[in-house]
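**Student:** Pasting a structure here, questions to come.
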Amino acid sequence: MKSAAAVIVRYETRADKYSPKGFVRHSAQTETIEILADTWTYLIIREAFFGARRFAEFQRKLGIPRATLTKRLLRLEKNRIFKRVGEAGHHKQYRLTERGMDVYPITLGMMSFGDKWLCGDDTPPLALFHKNCRSWFSAKIVWAENGELLDAQKIRVRIPADYWTPRPKRTQRQRRSTWDGSVQGKRPCSVERMLSIVGDRWTFLVLQELFHGNHRFDDFMNNLEIGPGVLSGRLNNLIRAGFVEKNDARGGYNLTKMGLDSYGPMILMKVWGEKWVSRPDRSHFDFIHPSGIAVTPVAVCSCCGKPIHPRDVSYVCNYEPPR
Ligand SMILES: [Zn+2]
């Protein structure tokens with residue numbers, strides 16, 4: 001792991017930094033996290049990008065328990081990321097929908113983050129080739145409107161009037177299985193390495209608070225309605241992983257350079273949610289560039305600077321691929 005010197009993040013004041021009392025953030029993000037920030041779900045989607053279609057293929061390539069795979073495939077179908085083609089048995093196939101295809105930029109963003117920060121001195125597990133410009137590439141996340149790299153510290157936001165929603169009554173949350181490090185996929189993978197850190201709903205939400213410019217334990221608790229024990233656990237995980245550093249002088253937590261760099265893939269997830277999960281009657285959330293224009297993040301090829309479609313990419317594995 002690269003050394004990650006702590007940076008003190010000085011944000012432009014963001015309009016969405018603190019929730020008004022009794023209100024929480026607009027829920028499309030939370031729903032997105034519910035759908036995507038689950039490690040097995042993500043690994044299944046990744047195998048689909050690599051061409052897996054059948055139950056047995058997913059099972060063999062991931063080494064995933066049968067019951068877990070069944071449950072995740074059902075959920076992927078319910079969330080319209082996969083559609084089932086053909087009847088039961090040998091002919092049954094799972095195909096990515098348009099909504100599922102659109103997860104690809106997030107995968108590329110996570111891969112490039114994992115390659116940069118989580119491979120140590122090793123060669124990254126996959127080399128990607130962009131057929132359009134005939135170059136080997138990694139993904140860069142830029143603002144579509146001006147091609148600049150994303151900078152979490154300089155961006156402002158314009159929030160819609162219906163951004164804050166009343167805090168829901170406490171309900172028994174569905175217990176989600178999170179990554180516990182005991183189950184390893186069969187491919188070495190930078191996406192998997194990143195998800196081993198952020199593939200958990202609470203960790204994801206805590207990181208998001210840090211990107212919103214919050215750094216105090218109490219602010220995390222108030223904005224997320226998270227218990228102190230759970231919050232401490234998640235913060236300690238982020239510190240161990242090198243994303244966050246405790247700053248005793250300021251009485252809070254700061255993102256390290258590495259943590260700050262995870263902004264790109266995280267923000268792509270938010271954009272996916274706005275596009276595919278958000279209710280149509282919701283107004284949009286805008287990112288405002290220091291120059292005053294509204295901007296949209298996009299994953300592009302590091303060589304030609306164009307957005308990347310899965311069918312335009314081929315790859316070489318730096319490992320023996322599973323059969
Ligand atoms: Zn290219």
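We label chains A, B, ... in the order they appear in the structure tokens, count residues from 1 in each chain, and number ligands from 1 in the order shown.
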Can you check which parts of chain A lie within 9 Å of ligand 1? Per residue, the shortest pair of atoms and distance in Å to one decimal, counting only C-alpha atoms and all ligand atoms, sorted by chain and number, as a Markdown table.
**Tutor:**
```
| residue | atom | partner | partner_atom_place_in_ligand_line | distance |
| --- | --- | --- | --- | --- |
| A:Phe129 | CA | ligand 1 | 1 (Zn) | 8.0 |
| A:His130 | CA | ligand 1 | 1 (Zn) | 4.9 |
| A:Lys131 | CA | ligand 1 | 1 (Zn) | 7.2 |
| A:Asn132 | CA | ligand 1 | 1 (Zn) | 5.8 |
| A:Cys133 | CA | ligand 1 | 1 (Zn) | 4.4 |
| A:Arg134 | CA | ligand 1 | 1 (Zn) | 6.8 |
| A:Ser135 | CA | ligand 1 | 1 (Zn) | 6.0 |
| A:Trp136 | CA | ligand 1 | 1 (Zn) | 7.8 |
| A:Phe137 | CA | ligand 1 | 1 (Zn) | 6.8 |
| A:Val300 | CA | ligand 1 | 1 (Zn) | 7.7 |
| A:Cys301 | CA | ligand 1 | 1 (Zn) | 4.6 |
| A:Ser302 | CA | ligand 1 | 1 (Zn) | 6.6 |
| A:Cys303 | CA | ligand 1 | 1 (Zn) | 4.9 |
| A:Cys304 | CA | ligand 1 | 1 (Zn) | 4.0 |
| A:Gly305 | CA | ligand 1 | 1 (Zn) | 6.2 |
| A:Lys306 | CA | ligand 1 | 1 (Zn) | 6.0 |
| A:Pro307 | CA | ligand 1 | 1 (Zn) | 8.0 |
| A:Ile308 | CA | ligand 1 | 1 (Zn) | 7.5 |
```
**Student:** At a cut-off of 12 Å, using only C-alpha atoms, what residues contact A:Gly86? Leave out same-chain residues fewer than 6 positions from it and give the result as a PyMOL selection string.
**Tutor:** chain A and resi 53-54+92-95
**Student:** Where does DSSP see strand (DSSP E or B) in stretch 51-96 of chain A, if you list the residues as a VMD selection string?
**Tutor:** chain A and resid 82 to 85 93 to 96
**Student:** Between A:Leu207, A:Met258, A:Leu150, A:Cys189, which residue has the minimum interatomic distance to A:Glu47, considering only C-alpha atoms?
**Tutor:** A:Cys189
**Student:** Could you name the residues that touch stretch 266-271 of chain A at 9 Å or less, counting only C-alpha atoms, but leaving out those on the same chain fewer than 3 positions away, as a list of chain:residue names?
**Tutor:**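 Counting only the stated atoms, we get A:Ala28, A:Gln29, A:Thr32, A:Ile33, A:Leu36, A:Val103, A:Pro105, A:Ile106, A:Gly109, A:Met110, A:Ile141, A:Phe204, A:Leu207, A:Gln208, A:Ser262, A:Tyr263, A:Glu274, A:Lys275, A:Trp276, A:Thr296, A:Pro297, A:Val298, A:Ala299.
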**Student:** Which neighbours of A:Thr70 fall inside 9 Å, counting only C-alpha atoms, when residues of the same chain fewer than 5 positions from it are skipped, and could you give them as a JSON list (two decimals) with N, CA and C atoms, in the first residue's frame?
**Tutor:**
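Result saved to result.json:
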```
[["chain", "number", "residue", "atom", "x", "y", "z"],
["A", 55, "PHE", "N", -25.70, -19.38, -14.61],
["A", 55, "PHE", "CA", -25.56, -19.61, -13.17],
["A", 55, "PHE", "C", -24.25, -20.33, -12.86],
["A", 65, "PRO", "N", -20.95, -19.44, -2.81],
["A", 65, "PRO", "CA", -21.91, -20.49, -2.41],
["A", 65, "PRO", "C", -23.21, -20.38, -3.22],
["A", 75, "ARG", "N", -31.99, -10.66, -6.59],
["A", 75, "ARG", "CA", -31.99, -9.24, -6.27],
["A", 75, "ARG", "C", -31.55, -8.40, -7.49]]
```
**Student:** Using only C-alpha atoms, which residues sit within 9 Å of stretch 219-228 of chain A once same-chain residues fewer than 6 positions away are excluded, as a PyMOL selection string?
**Tutor:** chain A and resi 17-21+23-25+202+205-206+209-210
**Student:** Would you write out those residues with N, CA and C atoms, as an mmCIF file, in the first residue's frame?
**Tutor:**
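File written: again.cif
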```
data_model
loop_
_atom_site.group_PDB
_atom_site.id
_atom_site.type_symbol
_atom_site.label_atom_id
_atom_site.label_comp_id
_atom_site.auth_asym_id
_atom_site.auth_seq_id
_atom_site.Cartn_x
_atom_site.Cartn_y
_atom_site.Cartn_z
ATOM 1 N N LYS A 17 -23.921 20.452 3.917
ATOM 2 C CA LYS A 17 -23.030 19.918 4.944
ATOM 3 C C LYS A 17 -23.800 19.382 6.163
ATOM 4 N N TYR A 18 -24.716 20.178 6.686
ATOM 5 C CA TYR A 18 -25.458 19.741 7.869
ATOM 6 C C TYR A 18 -26.914 19.487 7.531
ATOM 7 N N SER A 19 -27.472 18.420 8.081
ATOM 8 C CA SER A 19 -28.905 18.203 7.885
ATOM 9 C C SER A 19 -29.669 19.086 8.857
ATOM 10 N N PRO A 20 -30.798 19.656 8.397
ATOM 11 C CA PRO A 20 -31.668 20.331 9.365
ATOM 12 C C PRO A 20 -32.191 19.300 10.354
ATOM 13 N N LYS A 21 -32.507 19.746 11.561
ATOM 14 C CA LYS A 21 -32.940 18.810 12.604
ATOM 15 C C LYS A 21 -34.165 18.023 12.140
ATOM 16 N N PHE A 23 -34.275 15.909 9.685
ATOM 17 C CA PHE A 23 -34.256 15.585 8.256
ATOM 18 C C PHE A 23 -32.988 14.831 7.885
ATOM 19 N N VAL A 24 -33.076 14.039 6.827
ATOM 20 C CA VAL A 24 -31.898 13.334 6.315
ATOM 21 C C VAL A 24 -31.752 13.630 4.830
ATOM 22 N N ARG A 25 -30.596 13.224 4.286
ATOM 23 C CA ARG A 25 -30.335 13.481 2.870
ATOM 24 C C ARG A 25 -31.315 12.736 1.970
ATOM 25 N N TRP A 202 -22.559 1.312 5.808
ATOM 26 C CA TRP A 202 -22.188 2.365 6.764
ATOM 27 C C TRP A 202 -20.863 3.019 6.398
ATOM 28 N N LEU A 205 -21.435 5.437 3.714
ATOM 29 C CA LEU A 205 -22.114 6.662 4.145
ATOM 30 C C LEU A 205 -21.180 7.566 4.959
ATOM 31 N N VAL A 206 -20.312 6.951 5.763
ATOM 32 C CA VAL A 206 -19.364 7.752 6.551
ATOM 33 C C VAL A 206 -18.403 8.482 5.607
ATOM 34 N N GLU A 209 -20.030 11.463 4.141
ATOM 35 C CA GLU A 209 -20.049 12.604 5.061
ATOM 36 C C GLU A 209 -18.722 13.359 5.024
ATOM 37 N N LEU A 210 -17.621 12.613 4.949
ATOM 38 C CA LEU A 210 -16.307 13.260 4.873
ATOM 39 C C LEU A 210 -16.198 14.096 3.593
#
```
**Student:** If we count only C-alpha atoms, what is near A:Gln59 at a cut-off of 12 Å, once residues fewer than 3 positions away on the same chain are taken out, given as a PyMOL selection string?
**Tutor:** chain A and resi 40+43-44+47-48+52-56+62-70+72-73+185-186+322-323
**Student:** So how many Å separate atom CA of A:Glu57 and atom CA of A:Met194, to one decimal?
**Tutor:**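 Atom CA of A:Glu57 sits 23.6 Å away from atom CA of A:Met194.
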